[in-house]
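Engineer: For reference, this is input.pdb, and it has PDB, C-alpha atoms, pLDDT in the B column.
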ATOM      1  CA  MET C  25      81.028 242.470  44.060  1.00 66.00           C
ATOM      2  CA  ASN C  26      84.534 241.225  44.775  1.00 80.00           C
ATOM      3  CA  MET C  27      84.618 237.553  43.979  1.00 88.00           C
ATOM      4  CA  LYS C  28      86.647 235.267  46.220  1.00 92.00           C
ATOM      5  CA  ASN C  29      88.298 232.158  44.835  1.00 95.00           C
ATOM      6  CA  VAL C  30      87.324 229.223  47.015  1.00 95.00           C
ATOM      7  CA  LEU C  31      88.689 225.690  46.894  1.00 96.00           C
ATOM      8  CA  LEU C  32      86.152 223.124  48.114  1.00 97.00           C
ATOM      9  CA  PRO C  33      86.428 219.364  48.603  1.00 97.00           C
ATOM     10  CA  ALA C  34      83.811 217.287  46.728  1.00 97.00           C
ATOM     11  CA  PHE C  35      81.660 215.542  49.338  1.00 98.00           C
ATOM     12  CA  TYR C  36      79.035 212.793  49.401  1.00 98.00           C
ATOM     13  CA  LEU C  37      75.655 214.525  50.007  1.00 98.00           C
ATOM     14  CA  PRO C  38      77.524 217.371  51.709  1.00 98.00           C
ATOM     15  CA  PRO C  39      76.732 218.981  55.063  1.00 97.00           C
ATOM     16  CA  ILE C  40      74.637 222.142  55.167  1.00 97.00           C
ATOM     17  CA  SER C  41      77.706 224.321  55.853  1.00 96.00           C
ATOM     18  CA  TRP C  42      79.348 223.108  52.620  1.00 97.00           C
ATOM     19  CA  PHE C  43      76.343 224.340  50.640  1.00 97.00           C
ATOM     20  CA  SER C  44      76.519 227.713  52.395  1.00 96.00           C
ATOM     21  CA  VAL C  45      80.040 228.117  50.954  1.00 96.00           C
ATOM     22  CA  LEU C  46      79.086 226.787  47.511  1.00 97.00           C
ATOM     23  CA  LEU C  47      76.041 229.035  47.188  1.00 96.00           C
ATOM     24  CA  ASN C  48      77.577 232.219  48.565  1.00 94.00           C
ATOM     25  CA  PRO C  49      77.288 234.598  45.570  1.00 93.00           C
ATOM     26  CA  GLU C  50      80.714 236.100  46.389  1.00 93.00           C
ATOM     27  CA  ASN C  51      82.466 232.747  46.045  1.00 95.00           C
ATOM     28  CA  GLU C  52      83.926 231.489  42.811  1.00 96.00           C
ATOM     29  CA  ILE C  53      84.082 227.739  43.380  1.00 97.00           C
ATOM     30  CA  THR C  54      86.765 225.275  42.369  1.00 96.00           C
ATOM     31  CA  LEU C  55      86.415 221.663  43.493  1.00 97.00           C
ATOM     32  CA  GLU C  56      89.526 219.695  44.470  1.00 97.00           C
ATOM     33  CA  GLN C  57      90.161 216.503  42.506  1.00 96.00           C
ATOM     34  CA  PHE C  58      93.912 215.918  42.872  1.00 96.00           C
ATOM     35  CA  GLU C  59      94.309 215.759  46.648  1.00 96.00           C
ATOM     36  CA  SER C  60      95.521 212.569  48.274  1.00 94.00           C
ATOM     37  CA  PHE C  61      92.353 210.825  49.478  1.00 93.00           C
ATOM     38  CA  PRO C  62      91.933 211.501  53.224  1.00 90.00           C
ATOM     39  CA  LYS C  63      90.149 208.866  55.281  1.00 87.00           C
ATOM     40  CA  GLN C  64      87.202 209.426  57.634  1.00 90.00           C
ATOM     41  CA  THR C  65      85.897 212.582  55.986  1.00 95.00           C
ATOM     42  CA  TYR C  66      82.692 213.618  54.215  1.00 97.00           C
ATOM     43  CA  ARG C  67      84.286 212.638  50.899  1.00 97.00           C
ATOM     44  CA  ASN C  68      82.767 209.194  51.329  1.00 97.00           C
ATOM     45  CA  ARG C  69      80.502 209.562  54.360  1.00 97.00           C
ATOM     46  CA  VAL C  70      77.325 211.398  55.184  1.00 97.00           C
ATOM     47  CA  ASN C  71      75.761 212.144  58.576  1.00 97.00           C
ATOM     48  CA  ILE C  72      71.990 211.881  58.906  1.00 98.00           C
ATOM     49  CA  TYR C  73      69.587 211.956  61.880  1.00 97.00           C
ATOM     50  CA  GLY C  74      68.496 208.405  62.688  1.00 96.00           C
ATOM     51  CA  ALA C  75      66.100 207.222  65.381  1.00 93.00           C
ATOM     52  CA  ASN C  76      69.035 206.844  67.819  1.00 94.00           C
ATOM     53  CA  GLY C  77      70.847 210.052  66.918  1.00 95.00           C
ATOM     54  CA  LYS C  78      73.601 210.817  64.443  1.00 95.00           C
ATOM     55  CA  LEU C  79      74.114 208.058  61.898  1.00 97.00           C
ATOM     56  CA  SER C  80      77.102 207.917  59.530  1.00 97.00           C
ATOM     57  CA  LEU C  81      76.679 206.176  56.188  1.00 98.00           C
ATOM     58  CA  ILE C  82      79.965 205.324  54.480  1.00 98.00           C
ATOM     59  CA  ILE C  83      80.649 204.537  50.816  1.00 98.00           C
ATOM     60  CA  PRO C  84      83.121 201.628  50.692  1.00 97.00           C
ATOM     61  CA  ILE C  85      86.262 202.291  48.673  1.00 95.00           C
ATOM     62  CA  HIS C  86      88.034 199.903  46.336  1.00 90.00           C
ATOM     63  CA  HIS C  87      91.528 199.645  47.862  1.00 83.00           C
ATOM     64  CA  ASN C  88      93.723 199.439  44.797  1.00 81.00           C
ATOM     65  CA  GLY C  89      96.536 201.740  45.869  1.00 80.00           C
ATOM     66  CA  LYS C  90      95.241 204.744  43.881  1.00 74.00           C
ATOM     67  CA  ARG C  91      95.512 207.801  46.105  1.00 87.00           C
ATOM     68  CA  GLU C  92      94.474 210.817  44.047  1.00 93.00           C
ATOM     69  CA  PHE C  93      90.871 211.612  44.828  1.00 96.00           C
ATOM     70  CA  LYS C  94      89.822 211.611  41.153  1.00 96.00           C
ATOM     71  CA  ASP C  95      91.099 208.011  40.822  1.00 95.00           C
ATOM     72  CA  VAL C  96      89.453 206.605  43.952  1.00 96.00           C
ATOM     73  CA  GLU C  97      87.012 203.865  42.923  1.00 96.00           C
ATOM     74  CA  ILE C  98      83.825 202.872  44.719  1.00 97.00           C
ATOM     75  CA  SER C  99      83.484 199.254  45.832  1.00 96.00           C
ATOM     76  CA  TYR C 100      80.191 197.587  44.921  1.00 96.00           C
ATOM     77  CA  ARG C 101      81.033 194.248  46.560  1.00 96.00           C
ATOM     78  CA  GLU C 102      78.301 194.927  49.085  1.00 94.00           C
ATOM     79  CA  ASP C 103      75.021 196.584  48.196  1.00 97.00           C
ATOM     80  CA  TRP C 104      75.684 199.787  50.121  1.00 98.00           C
ATOM     81  CA  ARG C 105      73.377 201.870  47.889  1.00 97.00           C
ATOM     82  CA  THR C 106      70.307 199.880  48.944  1.00 97.00           C
ATOM     83  CA  LEU C 107      71.468 200.042  52.562  1.00 98.00           C
ATOM     84  CA  HIS C 108      72.046 203.824  52.489  1.00 98.00           C
ATOM     85  CA  TRP C 109      68.724 204.475  50.756  1.00 98.00           C
ATOM     86  CA  LYS C 110      66.896 202.297  53.278  1.00 98.00           C
ATOM     87  CA  SER C 111      68.567 204.139  56.186  1.00 98.00           C
ATOM     88  CA  ILE C 112      67.652 207.527  54.706  1.00 98.00           C
ATOM     89  CA  LYS C 113      64.057 206.425  54.115  1.00 98.00           C
ATOM     90  CA  THR C 114      63.733 205.082  57.651  1.00 97.00           C
ATOM     91  CA  ALA C 115      65.225 208.280  59.081  1.00 97.00           C
ATOM     92  CA  TYR C 116      63.159 210.750  57.071  1.00 98.00           C
ATOM     93  CA  GLN C 117      59.937 209.133  55.876  1.00 96.00           C
ATOM     94  CA  SER C 118      57.963 210.867  58.633  1.00 95.00           C
ATOM     95  CA  SER C 119      59.584 214.272  57.980  1.00 97.00           C
ATOM     96  CA  PRO C 120      57.369 216.941  56.375  1.00 97.00           C
ATOM     97  CA  TYR C 121      58.986 216.965  52.909  1.00 98.00           C
ATOM     98  CA  PHE C 122      60.538 213.538  52.346  1.00 98.00           C
ATOM     99  CA  GLU C 123      57.745 212.236  50.117  1.00 97.00           C
ATOM    100  CA  TYR C 124      57.815 215.394  48.032  1.00 97.00           C
ATOM    101  CA  TYR C 125      61.512 214.913  47.136  1.00 97.00           C
ATOM    102  CA  GLU C 126      61.711 211.123  47.409  1.00 97.00           C
ATOM    103  CA  ASP C 127      61.918 210.399  43.677  1.00 97.00           C
ATOM    104  CA  LYS C 128      64.779 212.859  43.195  1.00 97.00           C
ATOM    105  CA  PHE C 129      66.675 211.507  46.214  1.00 97.00           C
ATOM    106  CA  ARG C 130      66.219 207.954  44.940  1.00 97.00           C
ATOM    107  CA  LYS C 131      67.971 208.866  41.673  1.00 97.00           C
ATOM    108  CA  ILE C 132      71.206 209.380  43.630  1.00 97.00           C
ATOM    109  CA  PHE C 133      71.110 205.763  44.779  1.00 97.00           C
ATOM    110  CA  GLU C 134      70.462 204.493  41.277  1.00 96.00           C
ATOM    111  CA  LEU C 135      73.791 205.932  40.098  1.00 95.00           C
ATOM    112  CA  GLN C 136      76.529 203.400  39.511  1.00 94.00           C
ATOM    113  CA  GLU C 137      79.582 205.551  38.964  1.00 97.00           C
ATOM    114  CA  LYS C 138      82.990 203.912  38.952  1.00 96.00           C
ATOM    115  CA  TYR C 139      84.713 206.848  40.654  1.00 97.00           C
ATOM    116  CA  LEU C 140      83.773 208.448  43.970  1.00 97.00           C
ATOM    117  CA  LEU C 141      84.358 211.947  42.568  1.00 98.00           C
ATOM    118  CA  ASP C 142      81.850 211.373  39.743  1.00 98.00           C
ATOM    119  CA  PHE C 143      79.284 209.929  42.146  1.00 98.00           C
ATOM    120  CA  ASN C 144      79.652 212.912  44.495  1.00 98.00           C
ATOM    121  CA  LEU C 145      79.388 215.427  41.641  1.00 98.00           C
ATOM    122  CA  LYS C 146      76.180 213.820  40.334  1.00 98.00           C
ATOM    123  CA  GLY C 147      74.725 213.841  43.860  1.00 98.00           C
ATOM    124  CA  ILE C 148      75.574 217.536  44.259  1.00 98.00           C
ATOM    125  CA  GLU C 149      73.939 218.252  40.892  1.00 97.00           C
ATOM    126  CA  ILE C 150      70.709 216.517  41.981  1.00 97.00           C
ATOM    127  CA  ILE C 151      70.701 218.464  45.281  1.00 98.00           C
ATOM    128  CA  GLN C 152      71.162 221.711  43.337  1.00 97.00           C
ATOM    129  CA  GLN C 153      68.118 220.785  41.218  1.00 97.00           C
ATOM    130  CA  ILE C 154      66.099 220.187  44.395  1.00 97.00           C
ATOM    131  CA  LEU C 155      67.238 223.536  45.820  1.00 97.00           C
ATOM    132  CA  LYS C 156      66.504 225.173  42.437  1.00 96.00           C
ATOM    133  CA  THR C 157      70.032 226.557  42.198  1.00 95.00           C
ATOM    134  CA  GLU C 158      72.538 226.309  39.392  1.00 92.00           C
ATOM    135  CA  LYS C 159      75.781 227.489  40.959  1.00 95.00           C
ATOM    136  CA  ALA C 160      78.632 226.804  38.579  1.00 94.00           C
ATOM    137  CA  HIS C 161      81.904 225.284  39.686  1.00 95.00           C
ATOM    138  CA  SER C 162      85.051 224.061  38.007  1.00 95.00           C
ATOM    139  CA  LEU C 163      87.511 221.289  38.868  1.00 96.00           C
ATOM    140  CA  ASN C 164      91.105 222.181  39.649  1.00 96.00           C
ATOM    141  CA  GLU C 165      93.863 221.215  37.236  1.00 94.00           C
ATOM    142  CA  GLU C 166      96.616 220.270  39.664  1.00 93.00           C
ATOM    143  CA  TYR C 167      97.253 219.832  43.380  1.00 94.00           C
ATOM    144  CA  ILE C 168      98.569 222.988  45.041  1.00 93.00           C
ATOM    145  CA  LYS C 169      99.709 222.521  48.615  1.00 92.00           C
ATOM    146  CA  ASN C 170      99.237 226.158  49.644  1.00 92.00           C
ATOM    147  CA  PRO C 171      96.672 227.559  47.225  1.00 93.00           C
ATOM    148  CA  GLU C 172      96.021 231.274  46.891  1.00 92.00           C
ATOM    149  CA  SER C 173      92.298 230.512  47.036  1.00 93.00           C
ATOM    150  CA  ILE C 174      90.455 230.297  50.347  1.00 92.00           C
ATOM    151  CA  ASN C 175      91.137 226.659  51.139  1.00 95.00           C
ATOM    152  CA  PHE C 176      88.297 224.567  52.565  1.00 94.00           C
ATOM    153  CA  ARG C 177      89.920 221.176  52.047  1.00 93.00           C
ATOM    154  CA  GLU C 178      90.313 220.581  55.781  1.00 91.00           C
ATOM    155  CA  LYS C 179      87.505 222.823  56.999  1.00 90.00           C
ATOM    156  CA  PHE C 180      84.617 220.394  57.424  1.00 92.00           C
ATOM    157  CA  SER C 181      85.365 217.803  60.071  1.00 89.00           C
ATOM    158  CA  ALA C 182      83.175 214.719  60.302  1.00 86.00           C
ATOM    159  CA  LYS C 183      84.442 214.356  63.885  1.00 83.00           C
ATOM    160  CA  LEU C 184      84.485 217.875  65.379  1.00 84.00           C
ATOM    161  CA  PRO C 185      81.689 220.414  65.986  1.00 86.00           C
ATOM    162  CA  SER C 186      80.854 222.619  63.011  1.00 88.00           C
ATOM    163  CA  GLU C 187      82.697 225.904  62.616  1.00 87.00           C
ATOM    164  CA  PHE C 188      79.575 227.467  61.142  1.00 91.00           C
ATOM    165  CA  GLN C 189      76.783 229.103  63.102  1.00 89.00           C
ATOM    166  CA  MET C 190      73.326 227.939  62.180  1.00 91.00           C
ATOM    167  CA  GLU C 191      69.932 228.345  63.737  1.00 93.00           C
ATOM    168  CA  GLU C 192      68.080 225.370  65.101  1.00 95.00           C
ATOM    169  CA  TYR C 193      65.215 224.014  63.035  1.00 96.00           C
ATOM    170  CA  TYR C 194      62.728 221.257  63.784  1.00 95.00           C
ATOM    171  CA  GLN C 195      64.091 217.768  63.060  1.00 96.00           C
ATOM    172  CA  THR C 196      62.095 214.534  63.061  1.00 91.00           C
ATOM    173  CA  PHE C 197      63.715 213.210  66.255  1.00 92.00           C
ATOM    174  CA  SER C 198      64.698 216.508  67.893  1.00 91.00           C
ATOM    175  CA  ASP C 199      61.902 216.275  70.495  1.00 90.00           C
ATOM    176  CA  LYS C 200      63.555 213.153  71.806  1.00 90.00           C
ATOM    177  CA  LEU C 201      67.258 213.766  71.192  1.00 92.00           C
ATOM    178  CA  GLY C 202      67.681 217.509  70.618  1.00 95.00           C
ATOM    179  CA  PHE C 203      68.971 219.447  67.638  1.00 96.00           C
ATOM    180  CA  LEU C 204      71.886 218.017  65.647  1.00 95.00           C
ATOM    181  CA  GLU C 205      73.620 220.729  63.672  1.00 94.00           C
ATOM    182  CA  ASP C 206      75.235 220.621  60.272  1.00 96.00           C
ATOM    183  CA  LEU C 207      74.082 217.215  59.115  1.00 97.00           C
ATOM    184  CA  SER C 208      73.785 216.379  55.428  1.00 98.00           C
ATOM    185  CA  VAL C 209      71.791 218.892  53.426  1.00 98.00           C
ATOM    186  CA  LEU C 210      69.253 216.040  53.037  1.00 98.00           C
ATOM    187  CA  ASP C 211      68.251 216.581  56.663  1.00 98.00           C
ATOM    188  CA  LEU C 212      67.526 220.243  56.021  1.00 98.00           C
ATOM    189  CA  ILE C 213      65.611 219.582  52.797  1.00 98.00           C
ATOM    190  CA  CYS C 214      63.442 216.874  54.391  1.00 98.00           C
ATOM    191  CA  ASN C 215      62.549 219.136  57.322  1.00 98.00           C
ATOM    192  CA  LYS C 216      62.448 222.628  55.763  1.00 97.00           C
ATOM    193  CA  GLY C 217      61.570 221.888  52.136  1.00 97.00           C
ATOM    194  CA  PRO C 218      61.402 225.013  49.946  1.00 96.00           C
ATOM    195  CA  GLU C 219      62.736 227.165  52.826  1.00 97.00           C
ATOM    196  CA  SER C 220      66.064 225.310  52.745  1.00 98.00           C
ATOM    197  CA  LEU C 221      67.739 227.728  50.351  1.00 96.00           C
ATOM    198  CA  VAL C 222      66.962 230.788  52.494  1.00 96.00           C
ATOM    199  CA  TYR C 223      68.252 228.916  55.564  1.00 97.00           C
ATOM    200  CA  ILE C 224      71.519 228.028  53.797  1.00 97.00           C
ATOM    201  CA  LYS C 225      72.072 231.612  52.691  1.00 93.00           C
ATOM    202  CA  ASN C 226      71.635 232.901  56.255  1.00 93.00           C
ATOM    203  CA  ILE C 227      74.381 230.738  57.735  1.00 92.00           C
ATOM    204  CA  LYS C 228      77.230 232.698  59.330  1.00 81.00           C
ATOM    205  CA  GLN C 229      80.563 231.540  58.032  1.00 70.00           C
ATOM    206  CA  SER C 230      83.619 231.594  60.188  1.00 61.00           C
ATOM    207  CA  TYR C 231      86.621 232.025  57.946  1.00 51.00           C
TER     208      TYR C 231
END
Let me see the file written as structure tokens.
Structural biologist:
Amino acid sequence: MNMKNVLLPAFYLPPISWFSVLLNPENEITLEQFESFPKQTYRNRVNIYGANGKLSLIIPIHHNGKREFKDVEISYREDWRTLHWKSIKTAYQSSPYFEYYEDKFRKIFELQEKYLLDFNLKGIEIIQQILKTEKAHSLNEEYIKNPESINFREKFSAKLPSEFQMEEYYQTFSDKLGFLEDLSVLDLICNKGPESLVYIKNIKQSY
């Protein structure tokens, strides 16, 4: 198997498409930690399916002038963890698998990391445990503007439709509002449970 070097951004409870890249057995994964922190991306936001449609939950950032992603600090001035957890519970408590994974999900919102990167990495680790995967990754050692690796730093837009093709699956509110694609992997896990991993591996990637 020819391994491909892939550079991925480190997201907050990443979208399903992100996991399809991470878990592709042909991809050797490096996570970006030196990029200048871009606003309005999945680095500090997650999209879930709320009762009124797509809901974005955003981790507030401590604005102290530090721009490298690894140095970006989370602000705890407001209790966003309780708020995010409550929103996720409200959105998914009637989904088929939420109760089964609830304790593991809750652990993410008990973390109190200083840095956004560390928080995101711990969240990704907990999701990997839920998916029963142990895909290794490394962190890059410097910022390279035009890396030789396949570069996914700008690939996942929180604003534009997904570039990945995925089949519809039943979502808690899809009867009322239709299918929303490529939400956080939480949405998939709550609705598909143990089948989530097979679903992720079947996603067609467009790169």
Engineer: Which residue out of C:Leu155, C:Ile148, C:Ala160, C:Leu184 has the minimum interatomic distance to C:Glu219 when all atoms listed in the file are used?
Structural biologist: C:Leu155
Engineer: Please, which residues in stretch 106-193 of chain C fall within 10 Å of stretch 55-71 of chain C when counting all atoms listed in the file, and what is the closest atom pair and distance in Å to one decimal for each, ordered by chain then residue number, as a tab-separated table?
Structural biologist:
residue	atom	partner	partner_atom	distance
C:His108	CA	C:Val70	CA	9.6
C:Leu140	CA	C:Asn68	CA	7.5
C:Leu141	CA	C:Gln57	CA	7.4
C:Phe143	CA	C:Asn68	CA	9.8
C:Asn144	CA	C:Arg67	CA	7.9
C:Leu145	CA	C:Leu55	CA	9.6
C:His161	CA	C:Leu55	CA	6.9
C:Ser162	CA	C:Leu55	CA	6.1
C:Leu163	CA	C:Leu55	CA	4.8
C:Asn164	CA	C:Glu56	CA	5.6
C:Glu165	CA	C:Phe58	CA	7.7
C:Glu166	CA	C:Phe58	CA	6.0
C:Tyr167	CA	C:Phe58	CA	5.2
C:Ile168	CA	C:Glu59	CA	8.5
C:Lys169	CA	C:Glu59	CA	8.9
C:Asn175	CA	C:Glu56	CA	9.8
C:Phe176	CA	C:Glu56	CA	9.5
C:Arg177	CA	C:Glu56	CA	7.7
C:Glu178	CA	C:Thr65	CA	9.1
C:Phe180	CA	C:Tyr66	CA	7.7
C:Ser181	CA	C:Thr65	CA	6.7
C:Ala182	CA	C:Thr65	CA	5.5
C:Lys183	CA	C:Thr65	CA	8.2
Engineer: Here is a test: counting all atoms listed in the file, which residue of C:Glu191, C:Glu50, C:Glu92, C:Asp142 is nearest to C:Val222?
Structural biologist: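 Nearest candidate to C:Val222 out of C:Glu191, C:Glu50, C:Glu92, C:Asp142: C:Glu191.
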Engineer: Taking all atoms listed in the file into account, name the residue in C:Tyr100, C:Tyr124, C:Trp42, C:Tyr73 that is nearest to C:Ile227.
Structural biologist: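 Ranking C:Tyr100, C:Tyr124, C:Trp42, C:Tyr73 by distance to C:Ile227, first place goes to C:Trp42.
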Engineer: Measuring between all atoms listed in the file, which one of C:Arg130, C:Pro120, C:Lys94, C:Ile40 shows the shortest distance to C:Thr106?
Structural biologist: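 Of the candidates, the smallest distance to C:Thr106 is held by C:Arg130.
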Engineer: My list of candidates is C:Ile224, C:Leu79, C:Ile213, C:Val96. Which is closest to C:Met190 when distances are computed with only C-alpha atoms?
Structural biologist: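 Nearest candidate to C:Met190 out of C:Ile224, C:Leu79, C:Ile213, C:Val96: C:Ile224.
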Engineer: What would stretch 169-187 of chain C look like with N, CA and C atoms restored, written as a PDB file, keeping the file's coordinate frame?
Structural biologist:
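For reference, rebuild-v7.pdb as written:
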ATOM      1  N   LYS C 169      99.684 222.731  47.159  1.00 92.00           N
ATOM      2  CA  LYS C 169      99.709 222.521  48.615  1.00 92.00           C
ATOM      3  C   LYS C 169      99.200 223.746  49.360  1.00 92.00           C
ATOM      4  N   ASN C 170      99.684 224.919  48.985  1.00 92.00           N
ATOM      5  CA  ASN C 170      99.237 226.158  49.644  1.00 92.00           C
ATOM      6  C   ASN C 170      98.579 227.058  48.603  1.00 92.00           C
ATOM      7  N   PRO C 171      97.323 226.791  48.296  1.00 93.00           N
ATOM      8  CA  PRO C 171      96.672 227.559  47.225  1.00 93.00           C
ATOM      9  C   PRO C 171      96.427 229.008  47.623  1.00 93.00           C
ATOM     10  N   GLU C 172      96.355 229.867  46.626  1.00 92.00           N
ATOM     11  CA  GLU C 172      96.021 231.274  46.891  1.00 92.00           C
ATOM     12  C   GLU C 172      94.537 231.410  47.231  1.00 92.00           C
ATOM     13  N   SER C 173      93.739 230.475  46.741  1.00 93.00           N
ATOM     14  CA  SER C 173      92.298 230.512  47.036  1.00 93.00           C
ATOM     15  C   SER C 173      92.062 230.297  48.532  1.00 93.00           C
ATOM     16  N   ILE C 174      90.851 230.655  48.979  1.00 92.00           N
ATOM     17  CA  ILE C 174      90.455 230.297  50.347  1.00 92.00           C
ATOM     18  C   ILE C 174      90.284 228.778  50.351  1.00 92.00           C
ATOM     19  N   ASN C 175      91.025 228.118  51.203  1.00 95.00           N
ATOM     20  CA  ASN C 175      91.137 226.659  51.139  1.00 95.00           C
ATOM     21  C   ASN C 175      90.228 225.987  52.169  1.00 95.00           C
ATOM     22  N   PHE C 176      89.234 225.267  51.669  1.00 94.00           N
ATOM     23  CA  PHE C 176      88.297 224.567  52.565  1.00 94.00           C
ATOM     24  C   PHE C 176      88.553 223.061  52.627  1.00 94.00           C
ATOM     25  N   ARG C 177      89.702 222.632  52.113  1.00 93.00           N
ATOM     26  CA  ARG C 177      89.920 221.176  52.047  1.00 93.00           C
ATOM     27  C   ARG C 177      89.857 220.501  53.413  1.00 93.00           C
ATOM     28  N   GLU C 178      90.334 221.216  54.450  1.00 91.00           N
ATOM     29  CA  GLU C 178      90.313 220.581  55.781  1.00 91.00           C
ATOM     30  C   GLU C 178      89.279 221.215  56.715  1.00 91.00           C
ATOM     31  N   LYS C 179      88.389 222.013  56.152  1.00 90.00           N
ATOM     32  CA  LYS C 179      87.505 222.823  56.999  1.00 90.00           C
ATOM     33  C   LYS C 179      86.338 222.071  57.613  1.00 90.00           C
ATOM     34  N   PHE C 180      85.853 221.038  56.954  1.00 92.00           N
ATOM     35  CA  PHE C 180      84.617 220.394  57.424  1.00 92.00           C
ATOM     36  C   PHE C 180      84.989 219.071  58.079  1.00 92.00           C
ATOM     37  N   SER C 181      84.969 219.037  59.395  1.00 89.00           N
ATOM     38  CA  SER C 181      85.365 217.803  60.071  1.00 89.00           C
ATOM     39  C   SER C 181      84.145 216.938  60.349  1.00 89.00           C
ATOM     40  N   ALA C 182      84.264 215.658  60.009  1.00 86.00           N
ATOM     41  CA  ALA C 182      83.175 214.719  60.302  1.00 86.00           C
ATOM     42  C   ALA C 182      83.196 214.343  61.791  1.00 86.00           C
ATOM     43  N   LYS C 183      84.262 214.762  62.485  1.00 83.00           N
ATOM     44  CA  LYS C 183      84.442 214.356  63.885  1.00 83.00           C
ATOM     45  C   LYS C 183      84.224 215.504  64.888  1.00 83.00           C
ATOM     46  N   LEU C 184      84.510 216.734  64.447  1.00 84.00           N
ATOM     47  CA  LEU C 184      84.485 217.875  65.379  1.00 84.00           C
ATOM     48  C   LEU C 184      83.226 218.713  65.163  1.00 84.00           C
ATOM     49  N   PRO C 185      82.862 219.541  66.168  1.00 86.00           N
ATOM     50  CA  PRO C 185      81.689 220.414  65.986  1.00 86.00           C
ATOM     51  C   PRO C 185      81.894 221.351  64.786  1.00 86.00           C
ATOM     52  N   SER C 186      80.790 221.754  64.189  1.00 88.00           N
ATOM     53  CA  SER C 186      80.854 222.619  63.011  1.00 88.00           C
ATOM     54  C   SER C 186      81.431 223.985  63.365  1.00 88.00           C
ATOM     55  N   GLU C 187      82.160 224.550  62.417  1.00 87.00           N
ATOM     56  CA  GLU C 187      82.697 225.904  62.616  1.00 87.00           C
ATOM     57  C   GLU C 187      81.718 226.968  62.122  1.00 87.00           C
TER      58      GLU C 187
END
